[in-house]
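Source file structure.cif; content: mmCIF, C-alpha atoms (C1' of nucleotides).
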```
data_protein
#
loop_
_atom_site.label_atom_id
_atom_site.label_comp_id
_atom_site.auth_asym_id
_atom_site.auth_seq_id
_atom_site.Cartn_x
_atom_site.Cartn_y
_atom_site.Cartn_z
CA MET A 1 124.77 82.17 111.17
CA GLY A 2 127.01 80.10 109.00
CA GLY A 3 124.61 77.30 108.18
CA ASN A 4 123.28 78.24 104.81
CA GLY A 5 122.73 74.68 103.83
CA HIS A 6 119.14 73.74 104.51
CA GLU A 7 117.71 77.18 105.09
CA PRO A 8 115.72 78.42 102.12
CA ALA A 9 118.07 81.20 101.14
CA THR A 10 115.48 83.76 100.12
CA ALA A 11 116.66 86.83 98.33
CA ALA A 12 115.26 88.85 101.17
CA ARG A 13 117.57 87.07 103.54
CA ARG A 14 120.62 87.40 101.39
CA LEU A 15 119.97 91.04 100.63
CA ALA A 16 119.34 91.62 104.28
CA GLU A 17 122.85 90.48 105.02
CA SER A 18 124.38 92.92 102.60
CA THR A 19 125.18 96.21 104.23
CA GLY A 20 125.36 97.75 100.79
CA TRP A 21 121.71 97.12 100.08
CA LEU A 22 120.58 97.96 103.53
CA LEU A 23 122.33 101.30 103.34
CA THR A 24 120.95 102.22 99.94
CA ASP A 25 117.47 101.13 100.95
CA ALA A 26 117.52 103.11 104.15
CA ALA A 27 119.01 106.13 102.41
CA ARG A 28 116.42 106.01 99.67
CA GLU A 29 113.61 105.73 102.15
CA ILE A 30 114.64 108.66 104.28
CA THR A 31 115.46 110.79 101.26
CA LEU A 32 112.04 110.11 99.79
CA LYS A 33 110.38 111.21 103.00
CA LEU A 34 112.48 114.33 103.23
CA GLU A 35 111.78 115.28 99.62
CA GLU A 36 108.11 114.69 100.27
CA ALA A 37 108.16 116.91 103.32
CA LEU A 38 110.02 119.66 101.47
CA LYS A 39 107.67 119.55 98.50
CA GLY A 40 105.59 122.47 99.70
CA THR A 41 108.59 124.76 99.99
CA GLY A 42 109.70 124.42 96.38
CA LEU A 43 113.07 123.23 97.59
CA ARG A 44 114.80 119.91 97.22
CA TRP A 45 116.78 118.00 99.81
CA ARG A 46 119.91 119.12 97.99
CA ASP A 47 118.96 122.77 98.28
CA TYR A 48 118.41 122.39 101.99
CA GLY A 49 121.91 120.99 102.23
CA VAL A 50 123.34 124.07 100.57
CA LEU A 51 121.53 126.33 102.99
CA VAL A 52 122.68 124.34 106.00
CA VAL A 53 126.28 124.45 104.89
CA LEU A 54 126.08 128.18 104.32
CA GLU A 55 124.34 128.81 107.63
CA ALA A 56 127.09 127.08 109.50
CA ASP A 57 130.23 127.97 107.60
CA GLY A 58 129.52 131.42 106.30
CA PRO A 59 130.17 132.49 102.70
CA LEU A 60 131.65 129.77 100.54
CA SER A 61 132.43 129.30 96.88
CA GLN A 62 130.21 127.11 94.74
CA GLN A 63 132.91 124.51 94.44
CA GLU A 64 133.41 124.33 98.16
CA ILE A 65 129.72 123.81 98.76
CA GLY A 66 129.60 121.15 96.10
CA ARG A 67 132.61 119.43 97.58
CA ARG A 68 130.95 119.11 100.97
CA LEU A 69 127.68 117.85 99.58
CA ALA A 70 129.16 115.67 96.84
CA VAL A 71 127.45 117.74 94.16
CA ASP A 72 129.21 118.29 90.87
CA ARG A 73 130.55 121.78 90.14
CA SER A 74 128.51 122.07 86.96
CA THR A 75 125.35 121.04 88.77
CA MET A 76 126.01 123.64 91.45
CA VAL A 77 125.62 126.41 88.90
CA HIS A 78 121.94 125.70 88.46
CA VAL A 79 121.36 124.91 92.12
CA ILE A 80 122.66 128.32 93.15
CA ASP A 81 120.77 129.95 90.27
CA VAL A 82 117.51 128.73 91.71
CA LEU A 83 118.30 129.61 95.30
CA GLU A 84 119.37 133.07 94.20
CA GLN A 85 116.17 133.62 92.23
CA GLN A 86 114.24 132.77 95.36
CA GLY A 87 116.24 135.30 97.30
CA LEU A 88 117.63 132.76 99.73
CA VAL A 89 121.28 133.30 98.84
CA VAL A 90 123.30 135.96 97.06
CA ARG A 91 126.23 135.69 94.72
CA SER A 92 128.96 138.26 95.05
CA ARG A 93 132.53 138.24 93.90
CA ASP A 94 135.01 136.99 96.42
CA ARG A 95 137.20 139.99 97.12
CA ALA A 96 140.23 137.83 97.77
CA ASP A 97 139.79 135.78 94.60
CA ARG A 98 137.68 137.41 91.97
CA ARG A 99 137.37 134.24 89.93
CA ALA A 100 135.15 132.74 92.59
CA TYR A 101 131.78 133.74 93.86
CA SER A 102 131.10 134.22 97.49
CA ILE A 103 127.76 132.58 98.15
CA GLU A 104 126.05 133.90 101.21
CA LEU A 105 122.82 133.22 103.00
CA THR A 106 120.36 136.12 102.96
CA GLY A 107 118.12 137.19 105.82
CA PRO A 108 115.06 135.53 104.31
CA GLY A 109 117.16 132.47 103.66
CA ARG A 110 118.17 132.24 107.29
CA THR A 111 114.64 132.85 108.44
CA LEU A 112 113.24 130.15 106.20
CA LEU A 113 115.86 127.78 107.47
CA VAL A 114 115.15 128.40 111.13
CA GLU A 115 111.39 128.73 111.02
CA VAL A 116 110.46 126.22 108.38
CA LEU A 117 113.16 123.93 107.09
CA HIS A 118 114.89 122.86 110.28
CA PRO A 119 111.60 121.99 112.01
CA LEU A 120 110.37 120.21 108.91
CA THR A 121 113.36 117.96 108.52
CA ALA A 122 113.62 117.39 112.23
CA ARG A 123 110.08 116.08 112.17
CA VAL A 124 110.88 113.66 109.38
CA HIS A 125 113.93 112.43 111.22
CA SER A 126 111.94 111.93 114.37
CA GLY A 127 109.36 109.97 112.47
CA VAL A 128 111.90 107.67 110.93
CA MET A 129 113.96 107.23 114.05
CA ALA A 130 110.88 106.50 116.12
CA ARG A 131 111.31 102.87 115.17
CA LEU A 132 114.59 102.74 117.04
CA THR A 133 115.43 102.83 120.68
CA HIS A 134 117.18 105.86 122.01
CA GLU A 135 120.40 103.92 122.28
CA ASP A 136 120.20 102.66 118.74
CA ARG A 137 119.80 106.16 117.38
CA ALA A 138 123.02 107.39 118.89
CA HIS A 139 124.66 104.15 117.94
CA LEU A 140 123.55 104.46 114.35
CA ASN A 141 124.85 107.97 113.89
CA ARG A 142 128.18 107.08 115.40
CA ILE A 143 128.61 104.02 113.23
CA LEU A 144 127.53 105.80 110.09
CA ALA A 145 129.95 108.60 110.76
CA GLN A 146 132.72 106.05 110.96
CA LEU A 147 131.63 104.44 107.73
CA ALA A 148 131.11 107.62 105.75
CA GLY A 149 134.09 109.38 107.20
CA GLY A 150 136.45 107.44 105.04
CA ALA A 151 139.99 107.82 106.17
CA PRO A 152 140.17 109.45 109.57
CA ARG A 153 141.58 112.90 109.19
CA PRO A 154 144.38 114.15 111.39
CA GLU A 155 142.51 117.49 111.77
CA MET B 1 132.08 113.23 122.48
CA GLY B 2 129.13 115.18 123.71
CA GLY B 3 130.58 118.59 124.32
CA ASN B 4 129.46 120.61 121.36
CA GLY B 5 128.96 123.76 123.35
CA HIS B 6 131.90 126.00 122.61
CA GLU B 7 132.80 124.23 119.39
CA PRO B 8 132.19 126.40 116.34
CA ALA B 9 129.06 124.91 114.83
CA THR B 10 130.65 123.85 111.58
CA ALA B 11 128.52 122.52 108.79
CA ALA B 12 130.40 119.30 109.17
CA ARG B 13 129.10 118.99 112.69
CA ARG B 14 125.55 119.83 111.81
CA LEU B 15 125.53 117.48 108.85
CA ALA B 16 127.06 114.85 111.07
CA GLU B 17 123.99 115.01 113.26
CA SER B 18 121.62 114.41 110.39
CA THR B 19 120.97 110.76 109.84
CA GLY B 20 119.76 111.59 106.37
CA TRP B 21 123.13 112.84 105.26
CA LEU B 22 125.03 110.19 107.06
CA LEU B 23 123.01 107.51 105.36
CA THR B 24 123.37 108.95 101.89
CA ASP B 25 127.08 109.51 102.41
CA ALA B 26 127.68 106.00 103.64
CA ALA B 27 125.53 104.52 100.91
CA ARG B 28 127.33 106.51 98.23
CA GLU B 29 130.70 105.46 99.54
CA ILE B 30 129.99 101.76 99.66
CA THR B 31 128.23 101.83 96.31
CA LEU B 32 131.22 103.53 94.72
CA LYS B 33 133.53 100.87 96.07
CA LEU B 34 131.28 98.07 94.92
CA GLU B 35 130.97 99.55 91.44
CA GLU B 36 134.71 99.92 91.34
CA ALA B 37 135.24 96.31 92.33
CA LEU B 38 132.73 95.09 89.76
CA LYS B 39 134.26 97.15 86.98
CA GLY B 40 136.29 94.26 85.60
CA THR B 41 133.25 92.04 85.22
CA GLY B 42 131.32 94.39 82.97
CA LEU B 43 128.48 94.35 85.47
CA ARG B 44 127.03 97.06 87.62
CA TRP B 45 125.95 96.87 91.22
CA ARG B 46 122.35 96.84 89.97
CA ASP B 47 123.02 93.85 87.75
CA TYR B 48 124.50 91.94 90.64
CA GLY B 49 121.32 92.63 92.57
CA VAL B 50 119.25 91.09 89.82
CA LEU B 51 121.37 87.96 89.82
CA VAL B 52 121.21 87.64 93.60
CA VAL B 53 117.45 87.94 93.63
CA LEU B 54 117.13 85.35 90.89
CA GLU B 55 119.57 82.98 92.55
CA ALA B 56 117.56 82.99 95.73
CA ASP B 57 113.97 83.24 94.61
CA GLY B 58 113.93 81.33 91.38
CA PRO B 59 112.35 82.62 88.16
CA LEU B 60 110.66 85.98 88.51
CA SER B 61 109.04 88.50 86.20
CA GLN B 62 110.87 91.68 85.32
CA GLN B 63 108.45 93.74 87.33
CA GLU B 64 108.88 91.60 90.39
CA ILE B 65 112.66 91.90 90.23
CA GLY B 66 112.36 95.62 89.78
CA ARG B 67 109.99 95.87 92.70
CA ARG B 68 112.46 94.20 95.04
CA LEU B 69 115.40 96.28 93.90
CA ALA B 70 113.52 99.56 93.51
CA VAL B 71 114.30 99.67 89.81
CA ASP B 72 111.74 101.09 87.44
CA ARG B 73 109.93 98.69 85.11
CA SER B 74 111.08 100.52 81.99
CA THR B 75 114.67 100.49 83.20
CA MET B 76 114.43 96.76 83.85
CA VAL B 77 113.90 96.13 80.14
CA HIS B 78 117.42 97.22 79.31
CA VAL B 79 118.97 95.67 82.41
CA ILE B 80 117.61 92.25 81.48
CA ASP B 81 118.57 92.83 77.84
CA VAL B 82 122.19 93.19 78.82
CA LEU B 83 122.22 90.25 81.22
CA GLU B 84 120.57 88.10 78.59
CA GLN B 85 123.12 89.09 75.94
CA GLN B 86 125.85 88.01 78.31
CA GLY B 87 124.15 84.68 78.78
CA LEU B 88 123.65 85.12 82.51
CA VAL B 89 119.86 84.97 82.44
CA VAL B 90 117.21 83.78 80.00
CA ARG B 91 113.82 85.19 79.15
CA SER B 92 110.99 82.74 78.60
CA ARG B 93 107.27 83.20 78.69
CA ASP B 94 105.63 82.51 82.00
CA ARG B 95 103.37 79.54 81.31
CA ALA B 96 100.84 80.64 83.90
CA ASP B 97 100.66 84.23 82.63
CA ARG B 98 101.88 84.69 79.11
CA ARG B 99 101.98 88.46 79.39
CA ALA B 100 104.97 88.19 81.68
CA TYR B 101 108.43 86.86 81.14
CA SER B 102 109.97 84.32 83.43
CA ILE B 103 113.50 85.48 84.02
CA GLU B 104 115.80 82.70 85.10
CA LEU B 105 119.42 82.40 86.03
CA THR B 106 121.52 80.30 83.62
CA GLY B 107 124.28 77.90 84.59
CA PRO B 108 127.01 80.36 83.64
CA GLY B 109 125.12 83.03 85.55
CA ARG B 110 125.08 80.93 88.67
CA THR B 111 128.72 80.03 88.27
CA LEU B 112 129.78 83.64 87.84
CA LEU B 113 127.80 84.54 90.90
CA VAL B 114 129.35 81.90 93.10
CA GLU B 115 132.90 81.98 91.85
CA VAL B 116 133.40 85.67 91.13
CA LEU B 117 130.69 88.05 92.23
CA HIS B 118 129.93 86.84 95.74
CA PRO B 119 133.61 86.73 96.72
CA LEU B 120 134.20 90.12 95.13
CA THR B 121 131.43 91.91 96.96
CA ALA B 122 132.18 90.09 100.18
CA ARG B 123 135.70 91.46 100.00
CA VAL B 124 134.46 94.99 99.55
CA HIS B 125 132.12 94.63 102.47
CA SER B 126 134.88 93.28 104.64
CA GLY B 127 137.07 96.20 103.71
CA VAL B 128 134.45 98.76 104.57
CA MET B 129 133.33 97.05 107.74
CA ALA B 130 136.88 96.68 108.90
CA ARG B 131 136.55 100.10 110.48
CA LEU B 132 133.89 98.79 112.83
CA THR B 133 134.04 96.46 115.74
CA HIS B 134 132.44 93.09 115.40
CA GLU B 135 129.58 94.18 117.60
CA ASP B 136 128.95 97.32 115.61
CA ARG B 137 128.68 95.37 112.39
CA ALA B 138 125.86 93.20 113.63
CA HIS B 139 124.32 96.21 115.28
CA LEU B 140 124.42 98.24 112.10
CA ASN B 141 122.73 95.61 109.97
CA ARG B 142 120.00 95.09 112.51
CA ILE B 143 119.30 98.81 112.84
CA LEU B 144 119.37 99.39 109.11
CA ALA B 145 116.97 96.54 108.56
CA GLN B 146 114.57 98.20 110.97
CA LEU B 147 114.92 101.53 109.20
CA ALA B 148 114.60 100.23 105.68
CA GLY B 149 111.97 97.69 106.54
CA GLY B 150 109.26 100.29 106.64
CA ALA B 151 106.46 99.30 108.93
CA PRO B 152 107.63 97.02 111.72
CA ARG B 153 106.39 93.54 111.06
CA PRO B 154 104.83 91.43 113.78
CA GLU B 155 107.03 88.47 112.99
"C1'" DT C 1 156.28 138.89 81.95
"C1'" DC C 2 154.68 134.44 80.73
"C1'" DA C 3 152.93 129.84 81.64
"C1'" DA C 4 150.20 126.90 84.49
"C1'" DA C 5 146.48 126.32 87.50
"C1'" DT C 6 141.84 127.61 89.18
"C1'" DC C 7 136.69 129.17 89.35
"C1'" DA C 8 132.40 129.61 87.17
"C1'" DT C 9 130.10 128.58 83.12
"C1'" DC C 10 128.40 126.19 79.11
"C1'" DA C 11 127.70 122.50 75.77
"C1'" DG C 12 127.61 117.71 74.82
"C1'" DC C 13 127.10 113.02 76.27
"C1'" DT C 14 125.30 109.48 79.21
"C1'" DT C 15 122.47 107.22 82.70
"C1'" DC C 16 118.21 106.67 84.80
"C1'" DA C 17 113.70 107.68 86.78
"C1'" DC C 18 109.16 108.80 85.36
"C1'" DT C 19 105.09 109.26 82.09
"C1'" DG C 20 102.15 107.90 78.53
"C1'" DA C 21 100.96 105.05 74.65
"C1'" DT C 22 100.93 100.56 72.41
"C1'" DT C 23 100.52 95.55 72.05
"C1'" DG C 24 99.38 91.17 73.67
"C1'" DA C 25 97.25 88.56 77.28
"C1'" DC C 26 94.15 87.78 81.06
"C1'" DA C 27 89.52 88.13 83.62
"C1'" DG C 28 84.87 89.44 84.29
"C1'" DG C 29 80.02 90.50 82.97
"C1'" DG C 30 76.78 90.64 79.83
"C1'" DC D 1 81.07 85.12 72.24
"C1'" DC D 2 81.97 90.07 72.67
"C1'" DC D 3 83.18 94.15 75.57
"C1'" DT D 4 85.57 96.27 79.00
"C1'" DG D 5 89.12 96.73 82.29
"C1'" DT D 6 93.50 95.42 83.94
"C1'" DC D 7 98.22 94.04 83.68
"C1'" DA D 8 103.18 92.80 81.64
"C1'" DA D 9 106.58 94.25 78.61
"C1'" DT D 10 108.01 97.61 75.44
"C1'" DC D 11 109.07 102.09 73.42
"C1'" DA D 12 109.37 107.11 72.98
"C1'" DG D 13 109.85 111.36 75.18
"C1'" DT D 14 111.07 114.32 79.07
"C1'" DG D 15 113.84 115.89 82.84
"C1'" DA D 16 117.29 115.56 86.51
"C1'" DA D 17 122.05 114.99 87.29
"C1'" DG D 18 126.73 113.36 86.72
"C1'" DC D 19 131.00 113.64 83.87
"C1'" DT D 20 134.05 115.70 80.36
"C1'" DG D 21 136.04 119.15 77.93
"C1'" DA D 22 136.39 123.89 76.42
"C1'" DT D 23 136.35 128.95 77.40
"C1'" DG D 24 137.14 133.41 79.73
"C1'" DA D 25 138.67 135.74 83.65
"C1'" DT D 26 141.82 135.61 87.21
"C1'" DT D 27 145.37 134.14 90.26
"C1'" DT D 28 149.82 132.20 91.20
"C1'" DG D 29 154.45 130.79 90.47
"C1'" DA D 30 158.67 130.84 87.89
#
```

Do you think you could lay out the structure here as C-alpha cells?
Amino acid sequence: MGGNGHEPATAARRLAESTGWLLTDAAREITLKLEEALKGTGLRWRDYGVLVVLEADGPLSQQEIGRRLAVDRSTMVHVIDVLEQQGLVVRSRDRADRRAYSIELTGPGRTLLVEVLHPLTARVHSGVMARLTHEDRAHLNRILAQLAGGAPRPE
Amino acid sequence: MGGNGHEPATAARRLAESTGWLLTDAAREITLKLEEALKGTGLRWRDYGVLVVLEADGPLSQQEIGRRLAVDRSTMVHVIDVLEQQGLVVRSRDRADRRAYSIELTGPGRTLLVEVLHPLTARVHSGVMARLTHEDRAHLNRILAQLAGGAPRPE
DNA sequence: TCAAATCATCAGCTTCACTGATTGACAGGG
DNA sequence: CCCTGTCAATCAGTGAAGCTGATGATTTGA
C-alpha cells in the first residue's frame, strides 16, 4: 500500500483513502435516501430524529432534544413549532422548571412513528445495507459507534 | 453486547442502532476536527478537496470538480475565486471547449498541499482512527467505499 | 433579597444548496 | 450561413440552518 510512486494517483484513489471523505459521502447518500423516503410524510429526517428521541426518553426540553441530535437551540424552536402544528408533539410547561417546555409525543405522533416512520426508515436502511454482508453490517455499526462516541463515558 | 432485553430502551440505544445517525455523527465529528486543524491555513475542508482532486487528476472544469466533491456549480464559482486569489489555482480557458475553464494547480498550491495540508489532515485522521484497531481501520474504509460507491461495480 | 445562570425566543448575520436567467460557446440540421 | 438546442460559467434570489447576542421569565445560589 505504500508504493505511491508509479501508480497513477487518481483523485478517486486518494479520496478513497480518506476516511473523512468516505464518511461524508456515505452519510450524504443515506441521508438523501432517507429524506426521499420521508418526502410523502411532510417530515424531514431531522423531525424523525426528534420523534425517536421523544419516543424513547419521554418528555424532554427543546434544548435536551437538540443536544442529542446536534441541532441548534434556535433551530429547535421552529422544528418543534412544525411538529406541534401537525399534532405529533405537544408543548407544556415543565412543572419542575417553568422556564423550560416539556415536549411530549402525542398519541398520533406515536402511531405515525410505529406504523409509518419506523417501517419506512427500516426499509431504506435495509436497502442500503444490502450491499454488505451480515458481518460487515454489525461491524460497521460497532466501528461507527466508536468513532462517533468521542471520549468514552464512564456512565 | 447483545443483551438489550431488560435495558431501558433509551434514545441513545435506538439511535445507536441506526446506521444513518451513526454515519452523520461520525462524519460531523471528523469534519469538525478537520476544519479545526485547517483553521490556521485559511482554507476549508472543501477547499482542500478541490486541491486534492486537481493534484491527482490534472486540470479540470469547475463543474467536474464540483461533481466529484458534491459541490453545487454555483457554489464552485466562489470556491475557485478564493483559491485563485490565494494563488493556489489558476483559471484558464479550456482550449478544446472555450465555454469551460481549465482549473489547474499552481506551484505554490502543490507545495502547500504536500508540505502543509497532507500532513495536517493525515494527523487528524490518525488521531481519530487511533480509537480503532488496525484491522478495523482497513475494514471501515472498505465498507464505507462499498456504501458510498453506489451501485457495485463489476471491477 | 439580589445577582448570576438558564430556557425559550427572536433578530441579525453568514454559509450554502438550489433555481432560473443571462452570456458566450459549441453542435446539428436545414 | 442561419437557427435551434445544449452546455459552462456567472449572477441574483430564495430558503434552510447554524451561530451570536439580546430579552423576558424563571430558577438557583450567595

Residues of chain B within 10 Å of chain D, counting only C-alpha atoms (C1' of nucleotides), what are they? List them as a PyMOL selection string. chain B and resi 61-63+73-74+76-77+97-101

Would you list which chain A residues are within 6 Å of chain B using only C-alpha atoms, as a PDB file with C-alpha atoms, in the coordinates of the input?
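part-v9.pdb, freshly written:
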```pdb
ATOM      1  CA  ALA A   9     118.070  81.200 101.140  1.00  0.00           C
ATOM      2  CA  THR A  10     115.480  83.760 100.120  1.00  0.00           C
ATOM      3  CA  ALA A  11     116.660  86.830  98.330  1.00  0.00           C
ATOM      4  CA  LEU A  22     120.580  97.960 103.530  1.00  0.00           C
ATOM      5  CA  LEU A  23     122.330 101.300 103.340  1.00  0.00           C
ATOM      6  CA  THR A  24     120.950 102.220  99.940  1.00  0.00           C
ATOM      7  CA  ASP A  25     117.470 101.130 100.950  1.00  0.00           C
ATOM      8  CA  ALA A  26     117.520 103.110 104.150  1.00  0.00           C
ATOM      9  CA  ALA A  27     119.010 106.130 102.410  1.00  0.00           C
ATOM     10  CA  VAL A  53     126.280 124.450 104.890  1.00  0.00           C
ATOM     11  CA  ALA A  56     127.090 127.080 109.500  1.00  0.00           C
ATOM     12  CA  ASP A  57     130.230 127.970 107.600  1.00  0.00           C
ATOM     13  CA  LEU A 144     127.530 105.800 110.090  1.00  0.00           C
ATOM     14  CA  LEU A 147     131.630 104.440 107.730  1.00  0.00           C
ATOM     15  CA  ALA A 148     131.110 107.620 105.750  1.00  0.00           C
TER      16      ALA A 148
END
```

Name the residues in contact with A:Leu43 at a cut-off of 12 Å, using only C-alpha atoms (C1' of nucleotides), excluding same-chain residues fewer than 2 positions from it; report them as a tab-separated table (two decimals) with C-alpha atoms, in the frame of the given file.
```
chain	number	residue	atom	x	y	z
A	34	LEU	CA	112.48	114.33	103.23
A	35	GLU	CA	111.78	115.28	99.62
A	36	GLU	CA	108.11	114.69	100.27
A	37	ALA	CA	108.16	116.91	103.32
A	38	LEU	CA	110.02	119.66	101.47
A	39	LYS	CA	107.67	119.55	98.50
A	40	GLY	CA	105.59	122.47	99.70
A	41	THR	CA	108.59	124.76	99.99
A	45	TRP	CA	116.78	118.00	99.81
A	46	ARG	CA	119.91	119.12	97.99
A	47	ASP	CA	118.96	122.77	98.28
A	48	TYR	CA	118.41	122.39	101.99
A	49	GLY	CA	121.91	120.99	102.23
A	50	VAL	CA	123.34	124.07	100.57
A	51	LEU	CA	121.53	126.33	102.99
A	79	VAL	CA	121.36	124.91	92.12
A	80	ILE	CA	122.66	128.32	93.15
A	82	VAL	CA	117.51	128.73	91.71
A	83	LEU	CA	118.30	129.61	95.30
A	86	GLN	CA	114.24	132.77	95.36
A	88	LEU	CA	117.63	132.76	99.73
A	109	GLY	CA	117.16	132.47	103.66
A	112	LEU	CA	113.24	130.15	106.20
A	113	LEU	CA	115.86	127.78	107.47
A	116	VAL	CA	110.46	126.22	108.38
A	117	LEU	CA	113.16	123.93	107.09
```

Return the neighbours of chain A among the residues of chain C, cut-off 12 Å, counting only C-alpha atoms (C1' of nucleotides), as a short mmCIF file (atom, residue, chain, number, x, y, z; two decimals) with C-alpha atoms (C1' of nucleotides), in the frame of the given file.
```
data_model
loop_
_atom_site.label_atom_id
_atom_site.label_comp_id
_atom_site.auth_asym_id
_atom_site.auth_seq_id
_atom_site.Cartn_x
_atom_site.Cartn_y
_atom_site.Cartn_z
"C1'" DT C 6 141.84 127.61 89.18
"C1'" DC C 7 136.69 129.17 89.35
"C1'" DA C 8 132.40 129.61 87.17
"C1'" DT C 9 130.10 128.58 83.12
"C1'" DC C 10 128.40 126.19 79.11
"C1'" DA C 11 127.70 122.50 75.77
#
```

Suppose you want the space between atom CA of B:Gln85 and atom C1' of C:DT23; what is it in Å?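 Here the two named atoms are 23.8 Å from each other.
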
Report, in Å with one decimal, the straight-line distance from atom CA of B:Glu84 to atom CA of B:Thr111.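 Taking atom CA of B:Glu84 and atom CA of B:Thr111, their separation equals 15.0 Å.
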
Figure out the distance between atom CA of B:Leu32 and atom CA of B:Glu64, please, to one decimal in Å.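 Those two atoms sit 25.7 Å apart.
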